[in-house]
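Student: model.cif is reproduced below (mmCIF, C-alpha atoms).
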```
data_final
loop_
_atom_site.label_atom_id
_atom_site.label_comp_id
_atom_site.auth_asym_id
_atom_site.auth_seq_id
_atom_site.Cartn_x
_atom_site.Cartn_y
_atom_site.Cartn_z
CA MET Q 18 30.09 -186.84 56.22
CA SER Q 19 29.29 -185.05 59.47
CA GLU Q 20 29.33 -181.26 59.57
CA HIS Q 21 31.39 -179.71 62.35
CA LEU Q 22 30.68 -176.04 61.80
CA ASP Q 23 32.87 -173.71 63.88
CA ALA Q 24 35.12 -176.63 64.88
CA GLN Q 25 38.78 -175.76 65.31
CA VAL Q 26 41.19 -177.56 63.00
CA PRO Q 27 44.25 -178.82 64.95
CA LEU Q 28 46.87 -176.49 63.50
CA ASP Q 29 49.76 -178.34 65.13
CA LEU Q 30 49.34 -181.39 62.87
CA SER Q 31 52.47 -182.21 60.89
CA PHE Q 32 52.61 -183.01 57.18
CA VAL Q 33 55.05 -182.90 54.28
CA ASP Q 34 54.41 -180.57 51.36
CA SER Q 35 54.77 -181.54 47.70
CA GLY Q 36 58.28 -180.13 47.69
CA GLY Q 37 59.36 -182.55 50.41
CA SER Q 38 59.51 -180.01 53.25
CA PRO Q 39 57.99 -180.72 56.69
CA VAL Q 40 55.19 -178.30 57.58
CA THR Q 41 52.42 -177.76 60.10
CA LEU Q 42 48.93 -176.56 59.26
CA ALA Q 43 49.53 -173.42 61.30
CA GLN Q 44 51.88 -172.14 58.59
CA PHE Q 45 48.95 -171.64 56.21
CA PHE Q 46 46.70 -169.59 58.49
CA ASP Q 47 47.69 -165.94 58.77
CA GLY Q 48 44.64 -164.59 60.62
CA THR Q 49 43.51 -162.61 57.57
CA ARG Q 50 42.91 -164.90 54.60
CA PRO Q 51 40.43 -167.81 54.58
CA VAL Q 52 41.52 -171.27 53.46
CA ILE Q 53 39.91 -173.76 51.09
CA LEU Q 54 40.45 -177.32 52.31
CA THR Q 55 39.97 -180.48 50.26
CA MET Q 56 40.83 -184.03 51.23
CA ASN Q 57 41.62 -186.19 48.20
CA TYR Q 58 44.32 -188.53 46.95
CA SER Q 59 46.19 -188.57 43.66
CA ASN Q 60 45.48 -192.20 42.72
CA CYS Q 61 41.74 -191.78 43.04
CA PRO Q 62 40.23 -193.29 39.86
CA ARG Q 63 37.61 -190.58 39.27
CA LEU Q 64 35.86 -188.72 42.10
CA CYS Q 65 38.85 -186.66 43.30
CA SER Q 66 39.60 -185.53 39.76
CA LEU Q 67 36.01 -184.48 39.20
CA GLN Q 68 35.96 -182.56 42.47
CA LEU Q 69 39.24 -180.72 41.87
CA ASN Q 70 38.15 -179.94 38.32
CA GLY Q 71 35.01 -178.37 39.77
CA VAL Q 72 36.96 -176.36 42.33
CA PHE Q 73 39.38 -174.97 39.77
CA TYR Q 74 36.60 -174.22 37.31
CA ALA Q 75 35.02 -172.04 39.98
CA LEU Q 76 38.37 -170.49 40.88
CA GLN Q 77 38.92 -169.53 37.25
CA SER Q 78 35.71 -167.49 37.39
CA LEU Q 79 36.95 -165.45 40.37
CA ASP Q 80 39.00 -162.32 39.82
CA TRP Q 81 41.04 -163.20 42.94
CA ASP Q 82 44.20 -165.18 42.28
CA LEU Q 83 44.95 -168.27 44.33
CA GLY Q 84 47.13 -167.14 47.22
CA GLN Q 85 46.02 -163.51 46.93
CA LYS Q 86 42.81 -163.29 48.97
CA PHE Q 87 42.76 -166.92 50.11
CA GLU Q 88 44.90 -170.04 50.46
CA MET Q 89 44.11 -173.61 49.46
CA ILE Q 90 45.21 -176.85 51.11
CA THR Q 91 44.74 -180.34 49.70
CA VAL Q 92 45.60 -183.15 52.10
CA SER Q 93 45.99 -186.65 50.70
CA ILE Q 94 43.98 -189.26 52.57
CA ASP Q 95 46.39 -191.93 51.32
CA PRO Q 96 49.28 -192.27 53.80
CA GLN Q 97 51.30 -194.03 51.09
CA GLU Q 98 51.22 -191.06 48.71
CA SER Q 99 54.63 -189.50 48.12
CA PRO Q 100 55.46 -185.79 47.89
CA ALA Q 101 56.51 -186.32 44.26
CA ARG Q 102 53.08 -187.77 43.40
CA ALA Q 103 51.38 -184.85 45.13
CA GLN Q 104 53.58 -182.44 43.19
CA ALA Q 105 52.57 -184.05 39.90
CA THR Q 106 48.91 -183.54 40.79
CA LYS Q 107 49.58 -179.93 41.74
CA GLU Q 108 51.34 -179.18 38.46
CA LYS Q 109 48.50 -180.78 36.50
CA TYR Q 110 45.83 -178.50 37.91
CA LEU Q 111 47.95 -175.37 37.98
CA THR Q 112 48.55 -175.88 34.26
CA VAL Q 113 44.80 -175.85 33.72
CA TYR Q 114 44.33 -172.90 36.10
CA HIS Q 115 46.94 -171.04 34.05
CA ARG Q 116 47.65 -168.07 36.28
CA PRO Q 117 51.31 -167.19 36.84
CA GLY Q 118 52.82 -166.87 40.29
CA VAL Q 119 50.15 -168.77 42.22
CA GLU Q 120 52.15 -171.89 43.10
CA GLY Q 121 52.68 -170.72 46.67
CA GLY Q 122 48.95 -170.36 47.25
CA TRP Q 123 48.09 -174.06 46.94
CA HIS Q 124 49.63 -176.52 49.38
CA CYS Q 125 49.40 -180.23 48.50
CA LEU Q 126 50.28 -182.22 51.61
CA VAL Q 127 50.95 -185.83 52.45
CA GLY Q 128 51.35 -187.30 55.90
CA LYS Q 129 51.05 -190.08 58.40
CA GLU Q 130 47.77 -191.91 58.79
CA GLU Q 131 47.25 -190.72 62.38
CA ASP Q 132 47.56 -187.04 61.40
CA ILE Q 133 45.30 -187.49 58.39
CA GLN Q 134 42.68 -189.14 60.58
CA LYS Q 135 42.89 -186.38 63.21
CA LEU Q 136 42.27 -183.74 60.57
CA ALA Q 137 39.43 -185.73 59.01
CA ALA Q 138 37.81 -186.23 62.42
CA ALA Q 139 38.07 -182.52 63.23
CA VAL Q 140 36.23 -181.44 60.07
CA GLY Q 141 33.86 -184.43 59.98
CA PHE Q 142 35.24 -185.89 56.75
CA GLY Q 143 34.46 -189.59 56.50
CA TYR Q 144 36.49 -192.00 54.40
CA VAL Q 145 37.39 -195.68 54.46
CA TYR Q 146 39.92 -197.86 52.67
CA VAL Q 147 38.36 -200.66 50.60
CA ALA Q 148 40.87 -203.52 50.45
CA GLU Q 149 39.11 -205.33 47.60
CA THR Q 150 39.56 -202.41 45.21
CA LYS Q 151 42.59 -200.88 46.92
CA GLN Q 152 40.80 -197.54 46.81
CA PHE Q 153 39.32 -195.11 49.33
CA ALA Q 154 35.59 -194.56 49.56
CA HIS Q 155 34.91 -190.94 50.47
CA SER Q 156 32.57 -188.04 49.85
CA ALA Q 157 33.13 -185.05 47.57
CA VAL Q 158 33.14 -181.96 49.76
CA THR Q 159 35.11 -178.75 49.86
CA MET Q 160 35.50 -177.05 53.22
CA ILE Q 161 35.97 -173.34 53.79
CA LEU Q 162 38.00 -172.46 56.88
CA THR Q 163 38.36 -169.14 58.65
CA PRO Q 164 41.73 -167.35 58.78
CA ARG Q 165 42.27 -168.89 62.21
CA GLY Q 166 41.37 -172.43 61.22
CA LYS Q 167 37.71 -172.89 62.14
CA VAL Q 168 35.24 -174.63 59.85
CA SER Q 169 32.98 -172.01 58.28
CA ARG Q 170 31.17 -173.71 55.40
CA TYR Q 171 30.80 -177.05 53.57
CA LEU Q 172 30.31 -177.05 49.79
CA TYR Q 173 29.24 -180.42 48.41
CA GLY Q 174 29.54 -182.10 45.05
CA ILE Q 175 31.81 -181.88 42.05
CA GLU Q 176 30.49 -178.62 40.61
CA TYR Q 177 30.75 -175.32 42.45
CA ASP Q 178 28.93 -172.11 41.71
CA PRO Q 179 31.55 -169.29 41.55
CA GLN Q 180 29.30 -166.84 43.40
CA THR Q 181 28.70 -169.40 46.16
CA LEU Q 182 32.44 -169.96 46.50
CA ARG Q 183 33.10 -166.20 46.59
CA PHE Q 184 30.43 -165.60 49.24
CA ALA Q 185 31.70 -168.54 51.31
CA LEU Q 186 35.20 -167.04 51.29
CA LEU Q 187 33.87 -163.58 52.16
CA GLU Q 188 31.82 -165.03 55.00
CA ALA Q 189 34.76 -167.02 56.37
CA ALA Q 190 37.02 -163.96 56.24
CA ASP Q 191 34.46 -161.90 58.23
CA GLY Q 192 35.03 -158.75 56.20
CA ARG Q 193 38.83 -159.03 55.95
CA ILE Q 194 38.80 -159.56 52.19
CA GLY Q 195 36.71 -158.27 49.30
CA SER Q 196 35.46 -154.83 48.37
CA THR Q 197 32.85 -152.82 50.28
CA VAL Q 198 30.29 -153.63 47.59
CA GLU Q 199 30.98 -157.37 47.95
CA ARG Q 200 30.59 -157.18 51.72
CA VAL Q 201 27.27 -155.34 51.33
CA LEU Q 202 26.10 -158.00 48.88
CA LEU Q 203 27.04 -160.73 51.34
CA TYR Q 204 24.98 -158.97 54.01
CA CYS Q 205 21.94 -159.25 51.73
CA PHE Q 206 22.40 -162.99 51.12
CA HIS Q 207 22.23 -166.06 53.33
CA TYR Q 208 23.36 -169.64 52.81
CA ASP Q 209 20.58 -172.09 51.95
CA ALA Q 210 21.66 -175.56 53.09
CA GLU Q 211 19.02 -177.25 50.94
CA THR Q 212 20.22 -175.72 47.67
CA GLY Q 213 23.86 -175.38 48.71
CA ARG Q 214 23.88 -171.77 47.53
CA TYR Q 215 23.53 -168.25 48.83
CA GLY Q 216 20.16 -166.63 48.20
CA PRO Q 217 18.62 -163.21 48.93
CA ALA Q 218 17.68 -162.61 52.55
CA ALA Q 219 14.42 -160.64 52.42
CA ILE Q 220 14.61 -159.22 55.95
CA LYS Q 221 18.18 -158.05 55.52
CA ILE Q 222 17.34 -156.43 52.17
CA MET Q 223 14.40 -154.61 53.79
CA ARG Q 224 16.62 -153.40 56.62
CA LEU Q 225 19.26 -152.20 54.20
CA GLY Q 226 16.58 -150.45 52.13
CA ALA Q 227 15.28 -148.70 55.24
CA VAL Q 228 18.76 -147.52 56.15
CA LEU Q 229 19.41 -146.25 52.63
CA THR Q 230 16.07 -144.42 52.66
CA LEU Q 231 16.98 -142.69 55.93
CA VAL Q 232 20.39 -141.75 54.58
CA ILE Q 233 18.91 -140.29 51.39
CA LEU Q 234 16.19 -138.44 53.30
CA GLY Q 235 18.69 -137.12 55.82
CA GLY Q 236 20.96 -135.93 53.02
CA ALA Q 237 18.09 -134.13 51.28
CA LEU Q 238 17.06 -132.39 54.51
CA MET Q 239 20.64 -131.36 55.19
CA VAL Q 240 20.91 -129.76 51.75
CA PHE Q 241 17.60 -127.94 52.30
CA TRP Q 242 18.67 -126.63 55.71
CA ARG Q 243 22.03 -125.44 54.44
CA ARG Q 244 20.40 -123.54 51.58
CA ASP Q 245 17.91 -122.01 54.00
CA LEU Q 246 20.70 -120.84 56.30
CA ARG Q 247 22.51 -119.15 53.42
CA LYS Q 248 19.52 -116.94 52.53
CA PRO Q 249 19.90 -113.23 53.70
CA LYS Q 250 17.66 -112.38 56.60
CA HIS Q 251 16.51 -108.77 57.47
CA SER Q 252 15.29 -107.85 60.90
CA ILE Q 253 12.16 -105.85 61.48
CA ALA Q 254 14.23 -103.11 63.05
CA GLY Q 255 16.50 -102.98 60.05
CA ALA Q 256 13.51 -102.73 57.77
CA ALA Q 257 12.15 -99.81 59.81
CA ASP Q 258 15.49 -97.96 59.69
CA THR Q 259 15.68 -98.19 55.95
CA ALA Q 260 12.01 -97.17 55.34
CA PRO Q 261 11.56 -93.68 53.69
CA GLN Q 262 10.65 -90.84 56.16
CA PRO Q 263 7.80 -88.38 55.36
CA ALA Q 264 8.95 -84.90 54.27
CA ALA Q 265 8.48 -81.96 56.72
CA ASP Q 266 5.64 -79.42 55.96
CA SER Q 267 7.42 -76.05 55.34
CA SER Q 268 4.09 -74.11 55.21
CA LYS Q 269 3.60 -74.39 58.94
CA GLU Q 270 5.10 -71.65 61.10
CA PRO Q 271 7.07 -72.68 64.07
CA GLU Q 272 5.16 -72.53 67.28
CA THR Q 273 6.11 -69.88 69.80
CA PRO Q 274 6.54 -70.84 73.36
#
```
Please go through the file and, once you have read it, give me the structure as structure tokens.
Tutor:
Amino acid sequence: MSEHLDAQVPLDLSFVDSGGSPVTLAQFFDGTRPVILTMNYSNCPRLCSLQLNGVFYALQSLDWDLGQKFEMITVSIDPQESPARAQATKEKYLTVYHRPGVEGGWHCLVGKEEDIQKLAAAVGFGYVYVAETKQFAHSAVTMILTPRGKVSRYLYGIEYDPQTLRFALLEAADGRIGSTVERVLLYCFHYDAETGRYGPAAIKIMRLGAVLTLVILGGALMVFWRRDLRKPKHSIAGAADTAPQPAADSSKEPETP
């Protein structure tokens, strides 16, 4: 496996979906929603099943439905796999996922060997056919693509942390999906390649804390100034005009000129 971060997936590649219809990859990238990409094959004896089980376990923990905030594509690396076989695999996992109306969000594709190899080369996915066992040797990796088809993140293994998957999708979408709170949380985390998870970013948290402190302080000063402006103010002249005047002395006779 060779990581090709920010590499552009060739969206003009042609495949056939599990319903038997010809498609191109471009149909699944709308410029808004990120895409989960896996490369598996239905006759895989074990690894592909473990990986897809892990992906759907993580998806079940998200409150986003498949096809709502993101799309998912699974491309078979076996050029002999039929659309009907891909459809059977799709139905199997959607039954486990058990969320109605999400069929259109997961695209299980089969295709010619040359197109499969071009896609694999673009994303750095290595695989090889082993004639002795009549199986494919490959790695277990899930790729997160941007809404325009660039590689954003690689998630390895057969188990996926739901928060890591959510953050990877948020990051790939560049703020186009998720709530404001989720985007703020993503700002405070960074991806740790060694652990394969997102962890707190101390510098970003400090910066955010400083900004929040300034906002709170500014708000408090604004309230203070507004209250101060509302207080009645009397001028010195006004105070003099309203001061009591001494009474005239009636005992004194008026002076004659």
Student: Which of these, Q:Thr49, Q:Ser78, Q:Thr41, Q:Asn57, has the shortest distance to Asp178 (chain Q) once you count only C-alpha atoms?
Tutor: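 Residue with the minimum atom-to-atom distance to Asp178 (chain Q): Q:Ser78.
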Student: Selected by the PyMOL selection byres ((chain Q and resi 88-103) around 7) in the shown coordinates: which residues, as an NGL selection string?
Tutor: :Q and (34-37 or 50-59 or 83-84 or 87 or 104-107 or 122-130 or 133)
Student: Quote the spacing between CA of Ser31 (chain Q) and CA of Glu131 (chain Q) in Å to one decimal place.
Tutor: 10.1 Å
Student: Expressed in Å to a single decimal, how great is the separation between CA of Ala190 (chain Q) and CA of Leu64 (chain Q)?
Tutor: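 Atom-to-atom, CA of Ala190 (chain Q) to CA of Leu64 (chain Q), that is 28.5 Å.
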Student: Just want the 10 Å neighbourhood of Glu20 (chain Q), counted on all atoms listed in the file, with same-chain residues fewer than 2 positions away dropped. Output as a compact mmCIF listing (two decimals) with C-alpha atoms, keeping the file's coordinate frame.
Tutor:
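Saved the output as around-v7.txt:
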```txt
# COMPACT_ATOMS: atom_id res chain seq x y z
CA MET Q 18 30.09 -186.84 56.22
CA LEU Q 22 30.68 -176.04 61.80
CA ASP Q 23 32.87 -173.71 63.88
CA ALA Q 24 35.12 -176.63 64.88
CA ALA Q 139 38.07 -182.52 63.23
CA VAL Q 140 36.23 -181.44 60.07
CA GLY Q 141 33.86 -184.43 59.98
CA PHE Q 142 35.24 -185.89 56.75
CA MET Q 160 35.50 -177.05 53.22
CA VAL Q 168 35.24 -174.63 59.85
CA ARG Q 170 31.17 -173.71 55.40
CA TYR Q 171 30.80 -177.05 53.57
```
Student: In Å to one decimal, how far is CA of Pro27 (chain Q) from CA of Lys167 (chain Q)?
Tutor: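 Separation between CA of Lys167 (chain Q) and CA of Pro27 (chain Q): 9.3 Å.
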Student: Pick from Q:Leu172, Q:Val158, Q:Ala148, Q:Val119: nearest to Trp81 (chain Q), with all atoms listed in the file counted?
Tutor: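 Nearest candidate to Trp81 (chain Q) out of Q:Leu172, Q:Val158, Q:Ala148, Q:Val119: Q:Val119.
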Student: Show me, as a list in words, the residues that have an atom within 9 Å of region 173-175 of chain Q when counting all atoms listed in the file, minus same-chain residues fewer than 4 positions from it.
Tutor: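 The neighbour list is Leu64, Cys65, Ser66, Leu67, Gln68, Leu69, Asn70, Gly71, Val72, Ser156, Ala157, Val158, Thr159, Met160 and Gly213 of chain Q.
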Student: Which residue out of Q:Thr163, Q:Gln152, Q:Ser19, Q:Thr212 has the minimum interatomic distance to Thr181 (chain Q) when only C-alpha atoms are used?
Tutor: Q:Thr212
Student: Would you mind telling me which residue in Q:Val33, Q:Leu162, Q:Val147, Q:Leu182 lies nearest to Asp47 (chain Q) when using only C-alpha atoms?
Tutor: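 Smallest separation from Asp47 (chain Q) among the options: Q:Leu162.
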Student: Could you list the residues chosen by the PyMOL selection byres ((chain Q and resi 180) around 10) in this structure as a ChimeraX atom specification?
Tutor: /Q:75,78-79,177-179,181-186,214-215
Student: Return the single residue from Q:Asp191, Q:Asp132, Q:Asp80, Q:Glu108 that is closest to Phe32 (chain Q), with distances computed using only C-alpha atoms.
Tutor: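 Selected residue with least distance to Phe32 (chain Q): Q:Asp132.
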Student: Point out the residue among Q:Lys109, Q:Lys86, Q:Lys151, Q:Lys135 with the least atom-to-atom distance to Gly48 (chain Q), counting all atoms listed in the file.
Tutor: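 For Gly48 (chain Q), the nearest of the candidates is Q:Lys86.
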